[in-house]
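Participant: Compact mmCIF, C-alpha atoms, saved as start.txt, coming up:
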```txt
# COMPACT_ATOMS: atom_id res chain seq x y z
CA MET A 1 -16.04 11.33 -4.22
CA PHE A 2 -13.54 10.72 -7.02
CA VAL A 3 -11.66 7.44 -6.70
CA LEU A 4 -8.79 6.68 -9.04
CA ASN A 5 -7.78 3.11 -9.68
CA LEU A 6 -5.75 1.42 -12.36
CA GLY A 7 -8.10 1.06 -15.30
CA THR A 8 -9.39 4.64 -15.14
CA SER A 9 -8.12 6.79 -18.02
CA PHE A 10 -6.10 9.74 -16.84
CA ILE A 11 -3.07 11.88 -17.56
CA ALA A 12 -0.26 11.52 -15.07
CA LEU A 13 1.90 14.31 -13.73
CA ALA A 14 5.55 14.01 -12.84
CA PHE A 15 7.57 15.77 -10.19
CA VAL A 16 10.61 17.88 -11.01
CA GLN A 17 12.52 18.89 -7.89
CA SER A 18 14.74 21.87 -7.25
CA LYS A 19 16.14 23.20 -3.99
CA ALA A 20 13.05 25.13 -3.03
CA LEU A 21 10.12 23.94 -5.08
CA CYS A 22 8.41 21.08 -6.79
CA THR A 23 6.94 21.80 -10.20
CA LEU A 24 4.69 19.70 -12.39
CA THR A 25 5.36 18.47 -15.87
CA LEU A 26 2.94 16.54 -18.07
CA ILE A 27 4.58 13.24 -18.92
CA THR A 28 2.41 10.28 -19.72
CA THR A 29 -0.94 8.59 -20.28
CA LEU A 30 -2.62 5.44 -19.03
CA SER A 31 -0.69 3.08 -21.32
CA ILE A 32 2.64 4.08 -19.78
CA THR A 33 1.14 4.04 -16.29
CA LEU A 34 0.05 0.44 -16.73
CA GLN A 35 3.60 -0.46 -17.76
CA LEU A 36 5.05 1.11 -14.60
CA ILE A 37 2.41 0.07 -12.04
CA ARG A 38 1.30 -3.44 -12.82
CA TRP A 39 0.54 -6.69 -11.05
CA PRO A 40 3.14 -9.43 -11.61
CA ASN A 41 2.22 -12.29 -13.92
CA GLU A 42 2.19 -15.92 -12.80
CA GLN A 43 5.87 -16.56 -13.48
CA GLN A 44 6.91 -13.32 -11.82
CA ARG A 45 4.82 -14.19 -8.76
CA GLN A 46 6.49 -17.59 -8.52
CA ASP A 47 9.92 -15.96 -8.73
CA ILE A 48 9.02 -13.43 -6.03
CA ALA A 49 7.64 -16.14 -3.72
CA GLN A 50 10.76 -18.27 -4.09
CA ALA A 51 13.02 -15.31 -3.37
CA VAL A 52 11.06 -14.29 -0.25
CA GLN A 53 10.98 -17.84 1.05
CA GLY A 54 14.71 -18.10 0.55
CA THR A 55 15.39 -15.08 2.74
CA SER A 56 12.55 -15.26 5.29
CA GLY A 57 11.27 -18.83 5.37
CA PHE A 58 7.75 -17.67 4.55
CA PRO A 59 6.25 -19.57 1.60
CA GLY A 60 3.96 -17.95 -0.96
CA VAL A 61 4.58 -14.25 -0.20
CA ILE A 62 4.41 -12.04 -3.31
CA GLY A 63 3.97 -8.55 -1.82
CA TYR A 64 3.14 -6.23 1.05
CA LEU A 65 0.04 -4.04 1.49
CA ASP A 66 -0.35 -0.81 3.44
CA GLY A 67 -2.22 2.46 3.42
CA THR A 68 -0.97 5.97 4.00
CA HIS A 69 -2.49 9.44 4.26
CA ILE A 70 -1.54 12.10 1.75
CA ARG A 71 -1.95 15.43 3.49
CA LEU A 72 -4.03 18.07 1.71
CA SER A 73 -3.60 21.82 2.09
CA ALA A 74 -7.36 22.05 2.64
CA PRO A 75 -10.31 19.62 2.67
CA ILE A 76 -11.75 19.25 -0.83
CA GLY A 77 -14.96 21.22 -1.09
CA GLY A 78 -14.78 21.89 2.64
CA ASP A 79 -15.90 18.30 3.28
CA ARG A 80 -15.19 17.30 6.89
CA ASP A 81 -14.78 13.66 5.84
CA TYR A 82 -11.30 14.53 4.62
CA TYR A 83 -10.13 15.08 8.20
CA ASN A 84 -8.44 11.97 9.58
CA ARG A 85 -8.08 10.90 13.21
CA LYS A 86 -5.04 13.14 13.68
CA GLY A 87 -7.09 16.17 12.71
CA PHE A 88 -5.59 17.17 9.36
CA PRO A 89 -7.20 16.82 5.89
CA SER A 90 -5.90 13.93 3.81
CA MET A 91 -6.65 11.46 1.06
CA GLN A 92 -6.01 7.75 1.47
CA LEU A 93 -3.48 5.95 -0.70
CA GLN A 94 -3.36 2.15 -0.70
CA VAL A 95 -0.34 0.41 -2.21
CA VAL A 96 1.02 -3.08 -2.65
CA VAL A 97 4.77 -3.38 -3.23
CA ASP A 98 7.03 -6.28 -4.16
CA PRO A 99 10.22 -7.13 -2.21
CA ASN A 100 12.18 -4.57 -4.27
CA MET A 101 9.80 -1.78 -3.13
CA THR A 102 8.24 -1.50 -6.60
CA ILE A 103 4.59 -0.48 -6.37
CA ILE A 104 2.52 -3.17 -8.10
CA SER A 105 -0.91 -1.82 -7.13
CA ALA A 106 -2.03 1.73 -6.29
CA TYR A 107 -5.49 2.93 -5.31
CA THR A 108 -6.47 6.38 -4.08
CA GLY A 109 -9.40 8.73 -3.67
CA TRP A 110 -11.04 7.92 -0.34
CA PRO A 111 -11.12 10.77 2.22
CA GLY A 112 -8.95 10.67 5.31
CA CYS A 113 -11.69 9.57 7.74
CA THR A 114 -12.06 6.24 5.93
CA HIS A 115 -10.86 3.06 7.65
CA ASP A 116 -8.04 1.27 5.81
CA ALA A 117 -10.07 -1.93 5.61
CA ARG A 118 -12.98 -0.11 3.97
CA VAL A 119 -10.62 1.33 1.37
CA LEU A 120 -9.39 -2.18 0.66
CA ARG A 121 -12.87 -3.68 0.35
CA ASN A 122 -13.83 -1.08 -2.24
CA SER A 123 -10.68 -1.53 -4.30
CA GLN A 124 -10.17 -3.44 -7.52
CA LEU A 125 -7.44 -5.36 -5.70
CA PHE A 126 -9.96 -6.82 -3.24
CA HIS A 127 -12.58 -7.76 -5.81
CA LYS A 128 -10.09 -9.36 -8.19
CA ALA A 129 -8.33 -11.20 -5.36
CA GLU A 130 -11.63 -12.52 -4.04
CA ALA A 131 -12.45 -13.72 -7.56
CA GLY A 132 -9.15 -15.61 -7.72
CA GLU A 133 -7.66 -13.45 -10.48
CA LEU A 134 -4.49 -12.17 -8.81
CA PHE A 135 -3.00 -15.04 -6.84
CA SER A 136 -1.97 -18.57 -7.69
CA PRO A 137 -2.78 -21.28 -5.10
CA ASN A 138 -1.00 -20.73 -1.76
CA GLN A 139 0.11 -17.20 -2.66
CA HIS A 140 -0.66 -14.18 -0.50
CA ILE A 141 0.45 -10.73 0.60
CA PHE A 142 1.26 -9.46 4.10
CA ALA A 143 -0.46 -6.49 5.77
CA ASP A 144 -0.87 -5.03 9.25
CA SER A 145 -3.67 -5.67 11.73
CA ALA A 146 -5.93 -2.99 10.23
CA TYR A 147 -6.99 -5.50 7.58
CA PRO A 148 -9.12 -8.66 7.68
CA LEU A 149 -7.59 -12.06 7.12
CA ARG A 150 -8.34 -13.58 3.72
CA ASN A 151 -6.83 -16.60 2.03
CA TRP A 152 -4.69 -14.11 0.04
CA LEU A 153 -4.09 -11.57 2.84
CA ILE A 154 -2.14 -12.41 6.00
CA THR A 155 -1.83 -10.17 9.07
CA PRO A 156 -0.01 -10.46 12.42
CA ILE A 157 -1.46 -12.29 15.42
CA ARG A 158 -3.07 -9.88 17.84
CA ASN A 159 -0.97 -9.68 20.98
CA VAL A 160 -2.99 -9.54 24.18
CA GLY A 161 -0.15 -10.87 26.30
CA ASN A 162 -0.64 -14.59 25.75
CA LEU A 163 1.34 -15.35 22.59
CA THR A 164 3.45 -18.48 22.41
CA PRO A 165 7.14 -18.18 21.46
CA GLN A 166 6.29 -19.49 18.01
CA GLN A 167 3.54 -16.88 17.57
CA ARG A 168 5.88 -14.11 18.74
CA ARG A 169 8.48 -15.33 16.25
CA PHE A 170 5.86 -15.23 13.48
CA ASN A 171 4.88 -11.66 14.38
CA THR A 172 8.50 -10.51 14.50
CA LYS A 173 9.32 -12.00 11.12
CA CYS A 174 6.05 -10.75 9.64
CA SER A 175 6.78 -7.24 10.90
CA GLY A 176 10.25 -7.41 9.38
CA GLN A 177 8.76 -8.35 6.02
CA ARG A 178 6.21 -5.53 6.14
CA GLN A 179 8.96 -2.95 6.56
CA THR A 180 9.36 -3.19 2.79
CA VAL A 181 6.09 -1.36 2.15
CA GLU A 182 6.80 1.11 4.96
CA ARG A 183 10.13 1.93 3.35
CA ALA A 184 8.47 2.32 -0.05
CA ILE A 185 5.99 4.82 1.36
CA GLY A 186 8.87 6.55 3.14
CA HIS A 187 10.67 6.94 -0.16
CA LEU A 188 7.54 8.13 -1.97
CA LYS A 189 6.99 10.94 0.52
CA GLY A 190 10.63 11.61 1.25
CA ARG A 191 11.63 12.06 -2.36
CA PHE A 192 8.49 13.68 -3.78
CA ARG A 193 7.94 16.05 -0.93
CA ARG A 194 4.95 17.83 -2.41
CA LEU A 195 3.05 14.68 -1.43
CA ARG A 196 3.50 15.83 2.17
CA GLU A 197 0.93 18.54 1.47
CA VAL A 198 -0.89 18.52 -1.85
CA PRO A 199 -2.12 22.01 -2.81
CA PHE A 200 -4.87 21.09 -5.29
CA HIS A 201 -8.57 21.60 -4.57
CA SER A 202 -10.03 19.11 -7.03
CA ALA A 203 -10.29 15.44 -6.03
CA GLU A 204 -9.45 14.38 -9.57
CA GLU A 205 -6.30 16.50 -9.66
CA VAL A 206 -5.21 15.22 -6.25
CA CYS A 207 -5.68 11.62 -7.41
CA LYS A 208 -3.69 12.24 -10.58
CA PHE A 209 -0.93 13.85 -8.57
CA ILE A 210 -0.71 10.96 -6.10
CA ILE A 211 -0.60 8.31 -8.82
CA ALA A 212 2.05 10.36 -10.62
CA GLY A 213 4.17 10.19 -7.49
CA CYS A 214 3.77 6.40 -7.44
CA ILE A 215 4.90 6.22 -11.08
CA CYS A 216 7.98 8.33 -10.35
CA HIS A 217 8.74 6.23 -7.27
CA ASN A 218 8.79 3.12 -9.47
CA VAL A 219 11.08 4.79 -12.00
CA CYS A 220 13.54 5.57 -9.19
CA VAL A 221 13.39 2.01 -7.85
CA MET A 222 13.82 0.47 -11.30
CA CYS A 223 16.81 2.73 -12.01
CA GLU A 224 18.27 2.14 -8.51
CA ASP A 225 18.46 5.90 -8.18
CA ASP A 226 19.72 6.52 -4.63
CA VAL A 227 16.48 5.25 -3.07
CA ASP A 228 17.73 4.62 0.48
CA ASN A 229 18.88 8.20 1.01
CA TYR A 230 15.35 9.55 0.50
CA ILE A 231 13.47 7.23 2.82
CA GLU A 232 11.64 9.05 5.62
CA THR A 233 8.94 7.92 8.04
CA ASP A 234 5.58 9.39 8.97
CA GLY A 235 6.60 9.52 12.62
CA PRO A 236 4.14 9.95 15.50
CA LEU A 237 1.56 11.78 13.36
CA HIS A 238 0.87 8.73 11.21
CA PRO A 239 -2.95 8.32 11.36
CA ASN A 240 -3.07 4.68 10.25
CA ASN A 241 -3.24 2.83 13.55
CA TYR A 242 -6.51 0.96 13.25
CA GLN A 243 -7.70 -2.44 14.31
CA ASN A 244 -9.62 -4.45 11.76
CA ILE A 245 -13.41 -3.86 11.68
CA TYR A 246 -14.40 -6.73 9.37
CA GLN A 247 -14.81 -10.42 10.02
CA HIS A 248 -11.80 -12.59 9.26
CA GLY A 249 -12.18 -15.18 6.54
CA TYR A 250 -11.98 -18.82 7.68
CA ASP A 251 -9.52 -19.69 4.91
CA GLY A 252 -7.33 -16.75 5.96
CA VAL A 253 -7.25 -17.93 9.58
CA ALA A 254 -6.32 -21.45 8.45
CA ARG A 255 -3.59 -20.17 6.15
CA LYS A 256 -2.06 -17.98 8.85
CA LEU A 257 -1.97 -20.95 11.21
CA ARG A 258 -0.03 -22.93 8.61
CA LEU A 259 2.42 -20.05 8.19
CA VAL A 260 2.91 -19.80 11.96
CA ASN A 261 3.82 -23.47 12.01
CA ALA A 262 6.15 -23.03 9.02
CA VAL A 263 8.52 -20.47 10.58
```
Do you think you could lay out the structure here as structure tokens?
Facilitator:
Amino acid sequence: MFVLNLGTSFIALAFVQSKALCTLTLITTLSITLQLIRWPNEQQRQDIAQAVQGTSGFPGVIGYLDGTHIRLSAPIGGDRDYYNRKGFPSMQLQVVVDPNMTIISAYTGWPGCTHDARVLRNSQLFHKAEAGELFSPNQHIFADSAYPLRNWLITPIRNVGNLTPQQRRFNTKCSGQRQTVERAIGHLKGRFRRLREVPFHSAEEVCKFIIAGCICHNVCVMCEDDVDNYIETDGPLHPNNYQNIYQHGYDGVARKLRLVNAV
């Protein structure tokens, strides 16, 4: 398996669209990639958290995490692990975006059968967050119920029919916040349509191609280049509909309870 994360040297590829095709043009190297996909510094995180709290009431939120499947034209090397639960070959892409839909973390390379939470636990994001390198005190990101609660990762409350009004309000507001990352993924696939079925047969080339799409997405967001008109959704074939398979962290449970009481 070839997994590409920020910090791995590579050459990125850009998308050039025409009416009927998407071609590839060599554009950049790791140094430019790190300028366009980068984690916010302490001051930037504080600014993001204040802005989100001002609009949503949630304190400490600096981003939104989700995974998506990038469809492949064929499983790499014929490996059945690339087939996801919907039956088509894919590679996992995990992203974190800020409230402006800018991708601030991108991680790809795991085959389509892999659970979202396993992708996360093997990512640089997880290890650095657990080590306290990415978040200031009381900062966190939102994700869906596929992921385990951590003190830096907050998910909705599981609804088995017994939620209080306050818990339902938390889930509704949390879901509204997470639409930011869903919209970002919708723009990524809607604008750079070759990501709807990548034709390469090398894991390394597929990873480069996916990260290139993330770079180009950020360029469009930064330039405010007609982003809303390209947003599409995965629809009913979206394979990411998991429940978490890992134990929740005690600190994450305690933090979510405080957030429930805060909204």
Participant: Rank A:Asn171, A:Ser145, A:Gln94, A:Gln166 by their smallest atom-to-atom distance to Arg121 of chain A, using only C-alpha atoms, and report the top residue only.
Facilitator: A:Gln94
Participant: Give me, please, the distance in Å between atom CA of Ser202 of chain A and atom CA of Gly77 of chain A, quoted to one decimal.
Facilitator: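 Result for atom CA of Ser202 of chain A versus atom CA of Gly77 of chain A: 8.0 Å, one decimal.
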Participant: Between A:Ser123, A:Asn41, A:Thr68, A:Ser90, which has the minimum distance to Glu197 of chain A (counting all atoms listed in the file)?
Facilitator: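 Going through A:Ser123, A:Asn41, A:Thr68, A:Ser90 one by one, the smallest distance to Glu197 of chain A is for A:Ser90.
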Participant: Residues within 10 Å of Gly252 of chain A, please, as a ChimeraX atom specification. Count all atoms listed in the file; anything in the same chain fewer than 5 positions from it doesn't count.
Facilitator: /A:140,148-155,257-258
Participant: To one decimal place, how far is atom CA of Gly186 of chain A from atom CA of Pro199 of chain A in Å?
Facilitator: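 Between atom CA of Gly186 of chain A and atom CA of Pro199 of chain A the gap is 19.9 Å.
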Participant: Pick out the closest residue to Gly213 of chain A from this set: A:Gly87, A:Arg178, A:Phe200, A:Ile185. Count all atoms listed in the file.
Facilitator: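 The closest residue to Gly213 of chain A is A:Ile185.
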